[in-house]
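Comments concern the structure below.
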Amino acid sequence: MADPSSPLRESSTTLSIALEAWPFDPFAVLRPWSTGSAAAAEAHFIGRVRGWSAAGEPLAALELEHYPGMTEAQLERLAAAAAARHAVRAVLVRHRVGRVQPGEAIVLVAVAADRRGPAQRCCQELLEALKHDAPFWKKEVGVAGQGRWVDGNTPLEEPAPPGQGTQTIRTA
Amino acid sequence: MADPSSPLRESSTTLSIALEAWPFDPFAVLRPWSTGSAAAAEAHFIGRVRGWSAAGEPLAALELEHYPGMTEAQLERLAAAAAARHAVRAVLVRHRVGRVQPGEAIVLVAVAADRRGPAQRCCQELLEALKHDAPFWKKEVGVAGQGRWVDGNTPLEEPAPPGQGTQTIRTA
Amino acid sequence: MTTDLAGPPHLQVRLFAGLREQAGWGERHLALHEPATPDAHNGAPPPTAAQLWQRLGLGPWPAGVRVAVNREFAEPGRILAAGDEVAYLPPITGG
Amino acid sequence: MTTDLAGPPHLQVRLFAGLREQAGWGERHLALHEPATPDAHNGAPPPTAAQLWQRLGLGPWPAGVRVAVNREFAEPGRILAAGDEVAYLPPITGG
């Protein structure tokens with residue numbers, strides 16, 4: 001549905017924040033949220049568990065520890081701050097806790113706004129904020145069952161991967 | 001499914017580009033694409049038709065004209081260039097043509113990559129590129145049936161909207 | 001078309017959006033050289049995209065218009081060749 | 001709890017992730033003042049979060065650890081009050 005209101009109406013933001021204890025389908029979450037807002041601009045980010053550890057070893061699973069009560073409250077504070085900074089309409093955050101398998105979604109951030117710039121920037125900033133300021137801790141579980149707490153997040157800026165020089169384009 | 005390959009494998013990009021002559025559900029497009037790649041990082045953007053014109057008048061529809069043959073080829077060139085620049089795994093673009101109603105999706109861009117930075121930056125850059133370099137032309141159709149060609153795209157940077165000072169946060 | 005192969009070299013010209021509506025046509029088949037001149041027979045160079053625009057009689061070059069030749073962007077100074085598809089594109093407003 | 005209200009003022013202490021595993025516990029109820037000292041009765045100021053860490057006997061302050069008091073981030077120098085929930089958080093690795 002189109003938003004019938006004038007472009008100059010008072011702005012307000014709807015936050016939808018939740019922890020997920022079990023595997024979730026990001027699109028089953030996004031579709032009703034998106035249909036409800038039908039904003040002119042929507043940016044999403046989905047993060048999934050890689051199949052290998054930070055050290056490059058095969059990974060059986062990640063164990064996601066959090067601080068019940070504080071983690072939810074902190075996600076809400078971060079989302080409200082990012083939403084206000086960019087004056088967006090709606091923010092959605094889902095984050096897994098517990099044991100997460102490679103390929104499963106671990107984090108979902110979505111932002112609906114009147115303009116593409118605020119939607120994209122708010123989505124990026126909130127993702128960085130929750131990676132640094134929402135209490136979650138990842139333990140990598142190797143295929144032999146050994147566990148190792150992850151030291152820190154992967155940096156946002158990465159050197160070009162070695163495969164870039166041999167990049168090939170397929171159309172599908 | 002998790003990607004079982006090593007993080008140092010040769011990179012290649014899969015492009016999925018299409019024009020849509022009828023309303024489409026972005027999530028029906030995204031879900032199978034996303035499931036197929038199951039990349040560690042996925043960024044999406046959905047643009048929808050606003051309910052009012054650039055001049056702030058109520059809008060009945062947009063008429064999207066394109067250059068058959070060139071528009072598809074140009075989208076593919078832009079997507080391949082952005083994909084190579086950021087060394088991402090997969091890029092998807094959908095763009096409406098014909099008559100589009102307020103609230104309907106007009107553009108969908110999605111990028112799957114190994115890292116969040118390249119996924120987000122590639123998605124943003126490709127959206128800007130197609131807004132400036134893919135041959136589409138919007139005609140605004142007013143509620144009285146009058147048509148007006150749009151002069152140019154909305155700028156990426158916007159001043160803060162007037163409602164920002166009275167921003168309120170709702171949790172849902 | 002078979003008839004074209006036997007006749008003088010031609011161009012396909014296309015206009016879009018506001019340009020198409022102002023001109024009242026969107027697609028036209030033109031001789032590479034202006035028929036009223038002897039160019040076609042004296043080896044004069046073929047026109048550029050900007051020179052072809054003058055021949056169309058649609059007024060001065062409109063601000064912001066871009067040229068595509070054979071469905072790729074080209075400079076207005078691009079020299080045209082027989083069989084080219086030349087398009088004049090008003091400022092793009094997609095996405 | 002009713003029994004606490006009648007007794008000396010207490011703190012709730014929580015450890016997470018690597019800190020929890022190294023300590024061998026994740027949650028502990030402690031008196032606000034060290035029981036072996038007379039502080040509890042002579043009006044000495046309550047400890048800061050960093051001072052409380054020393055009392056826990058878990059070694060020097062670990063690099064990158066952050067403090068939360070009552071489920072909000074706080075400085076290590078934050079002075080604790082009776083009933084506070086104090087948490088020591090190793091570097092965050094979510095998202």
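Just remember, in the structure tokens the first chain shown is A, the second B, etc., residues are 1-based per chain, and ligands are 1-based in the order shown.
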
Legend entry - Interface list for chain A, partner chain D, 10 Å threshold, only C-alpha atoms, as an NGL selection string: :A and (46-49 or 64-74 or 94-97 or 105-109 or 127-139 or 148-154)

Nearby residues (only C-alpha atoms) at most 6 Å from C:Gln12, same-chain spacing under 5 positions excluded, as a PDB file with C-alpha atoms, in the first residue's frame:
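The resulting selection10.pdb:
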ATOM      1  CA  ARG C  28      12.942   7.011 -38.137  1.00  0.00           C
ATOM      2  CA  HIS C  29      14.915   5.547 -40.996  1.00  0.00           C
ATOM      3  CA  GLU C  85      21.246   2.954 -34.660  1.00  0.00           C
TER       4      GLU C  85
END

Legend entry - Option closest in space to D:Gln51, from D:Leu30, D:Val65, D:Val13, D:Ile79 [counting only C-alpha atoms]: D:Ile79

Legend entry - Residue list (strand (DSSP E or B), DSSP) for chain D, as an MDAnalysis selection string: chainID D and resid 10:15 27:31 48 66:69 72:74 79 85:89

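The gap separating atom CA of B:Leu75 from atom CA of B:Arg116 is 22.9 Å, in Å to one decimal.
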
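Between atom CA of A:Ala60 and atom CA of A:Trp22 the interatomic distance comes to 16.3 Å.
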
Legend entry - Non-local contacts of A:Ala41 (9 Å; only C-alpha atoms; under 2 positions in same chain excluded) as a PyMOL selection string: (chain A and resi 38-39+43+111-120) or (chain B and resi 45-48)

Inset, instruction - Write down as an MDAnalysis selection string the residues of stretch 23-85 of chain D whose backbone DSSP state falls under helix (DSSP H, G or I). - result: chainID D and resid 23 39:42 49:55

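The neighbours of C:Leu58 here are the residues that come within 12 Å of it, using only C-alpha atoms and leaving out any residue fewer than 4 positions away in the same chain; they are Leu15, Leu19, Arg20, Glu21, Gln22, Ala23, Gly24, Trp25, Ala50, Gln51, Leu52, Trp53, Gln54, Pro62 and Tyr88 of chain C.
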
Okay, now the selection with N, CA and C atoms, as a PDB file, in the first residue's frame?
ATOM      1  N   LEU C  15      14.301   8.435 -30.696  1.00  0.00           N
ATOM      2  CA  LEU C  15      14.108   9.463 -29.669  1.00  0.00           C
ATOM      3  C   LEU C  15      13.324   8.844 -28.511  1.00  0.00           C
ATOM      4  N   LEU C  19      11.879  13.967 -25.547  1.00  0.00           N
ATOM      5  CA  LEU C  19      12.318  14.244 -26.915  1.00  0.00           C
ATOM      6  C   LEU C  19      11.367  13.604 -27.924  1.00  0.00           C
ATOM      7  N   ARG C  20      10.954  12.392 -27.642  1.00  0.00           N
ATOM      8  CA  ARG C  20      10.036  11.679 -28.528  1.00  0.00           C
ATOM      9  C   ARG C  20       8.691  12.418 -28.613  1.00  0.00           C
ATOM     10  N   GLU C  21       8.201  12.865 -27.446  1.00  0.00           N
ATOM     11  CA  GLU C  21       6.908  13.540 -27.449  1.00  0.00           C
ATOM     12  C   GLU C  21       6.975  14.891 -28.157  1.00  0.00           C
ATOM     13  N   GLN C  22       8.088  15.635 -27.932  1.00  0.00           N
ATOM     14  CA  GLN C  22       8.218  16.931 -28.603  1.00  0.00           C
ATOM     15  C   GLN C  22       8.309  16.771 -30.121  1.00  0.00           C
ATOM     16  N   ALA C  23       9.052  15.748 -30.552  1.00  0.00           N
ATOM     17  CA  ALA C  23       9.244  15.557 -31.991  1.00  0.00           C
ATOM     18  C   ALA C  23       7.997  14.983 -32.652  1.00  0.00           C
ATOM     19  N   GLY C  24       7.206  14.232 -31.861  1.00  0.00           N
ATOM     20  CA  GLY C  24       6.042  13.588 -32.448  1.00  0.00           C
ATOM     21  C   GLY C  24       6.369  12.270 -33.143  1.00  0.00           C
ATOM     22  N   TRP C  25       7.606  11.821 -33.015  1.00  0.00           N
ATOM     23  CA  TRP C  25       7.974  10.490 -33.533  1.00  0.00           C
ATOM     24  C   TRP C  25       9.085   9.888 -32.662  1.00  0.00           C
ATOM     25  N   ALA C  50      25.937  14.714 -33.550  1.00  0.00           N
ATOM     26  CA  ALA C  50      25.480  16.091 -33.352  1.00  0.00           C
ATOM     27  C   ALA C  50      25.041  16.716 -34.673  1.00  0.00           C
ATOM     28  N   GLN C  51      25.775  16.427 -35.774  1.00  0.00           N
ATOM     29  CA  GLN C  51      25.378  16.952 -37.090  1.00  0.00           C
ATOM     30  C   GLN C  51      24.056  16.355 -37.545  1.00  0.00           C
ATOM     31  N   LEU C  52      23.871  15.081 -37.249  1.00  0.00           N
ATOM     32  CA  LEU C  52      22.607  14.439 -37.612  1.00  0.00           C
ATOM     33  C   LEU C  52      21.443  15.113 -36.881  1.00  0.00           C
ATOM     34  N   TRP C  53      21.668  15.497 -35.602  1.00  0.00           N
ATOM     35  CA  TRP C  53      20.614  16.178 -34.835  1.00  0.00           C
ATOM     36  C   TRP C  53      20.166  17.458 -35.565  1.00  0.00           C
ATOM     37  N   GLN C  54      21.136  18.218 -36.102  1.00  0.00           N
ATOM     38  CA  GLN C  54      20.767  19.437 -36.844  1.00  0.00           C
ATOM     39  C   GLN C  54      19.840  19.099 -38.009  1.00  0.00           C
ATOM     40  N   PRO C  62      19.552  19.942 -27.060  1.00  0.00           N
ATOM     41  CA  PRO C  62      18.944  20.190 -25.745  1.00  0.00           C
ATOM     42  C   PRO C  62      19.911  19.857 -24.608  1.00  0.00           C
ATOM     43  N   TYR C  88      18.928   9.545 -29.199  1.00  0.00           N
ATOM     44  CA  TYR C  88      19.108  10.766 -28.411  1.00  0.00           C
ATOM     45  C   TYR C  88      18.333  10.577 -27.111  1.00  0.00           C
TER      46      TYR C  88
END

Inset, instruction - Tell me, as a PyMOL selection string, which residues lie within 9 Å of B:Leu59, counting only C-alpha atoms; anything in the same chain fewer than 4 positions away does not count. - result: chain B and resi 50-53+101-102+140-143

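Comparing A:Cys122, A:Leu15, A:Ala83, A:Ala61 by their smallest distance to chain B, the closest is A:Leu15 (using only C-alpha atoms).
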
Legend entry - Gap from atom CA of B:Cys123 to atom CA of A:Glu57 - Å, one decimal: 29.4 Å
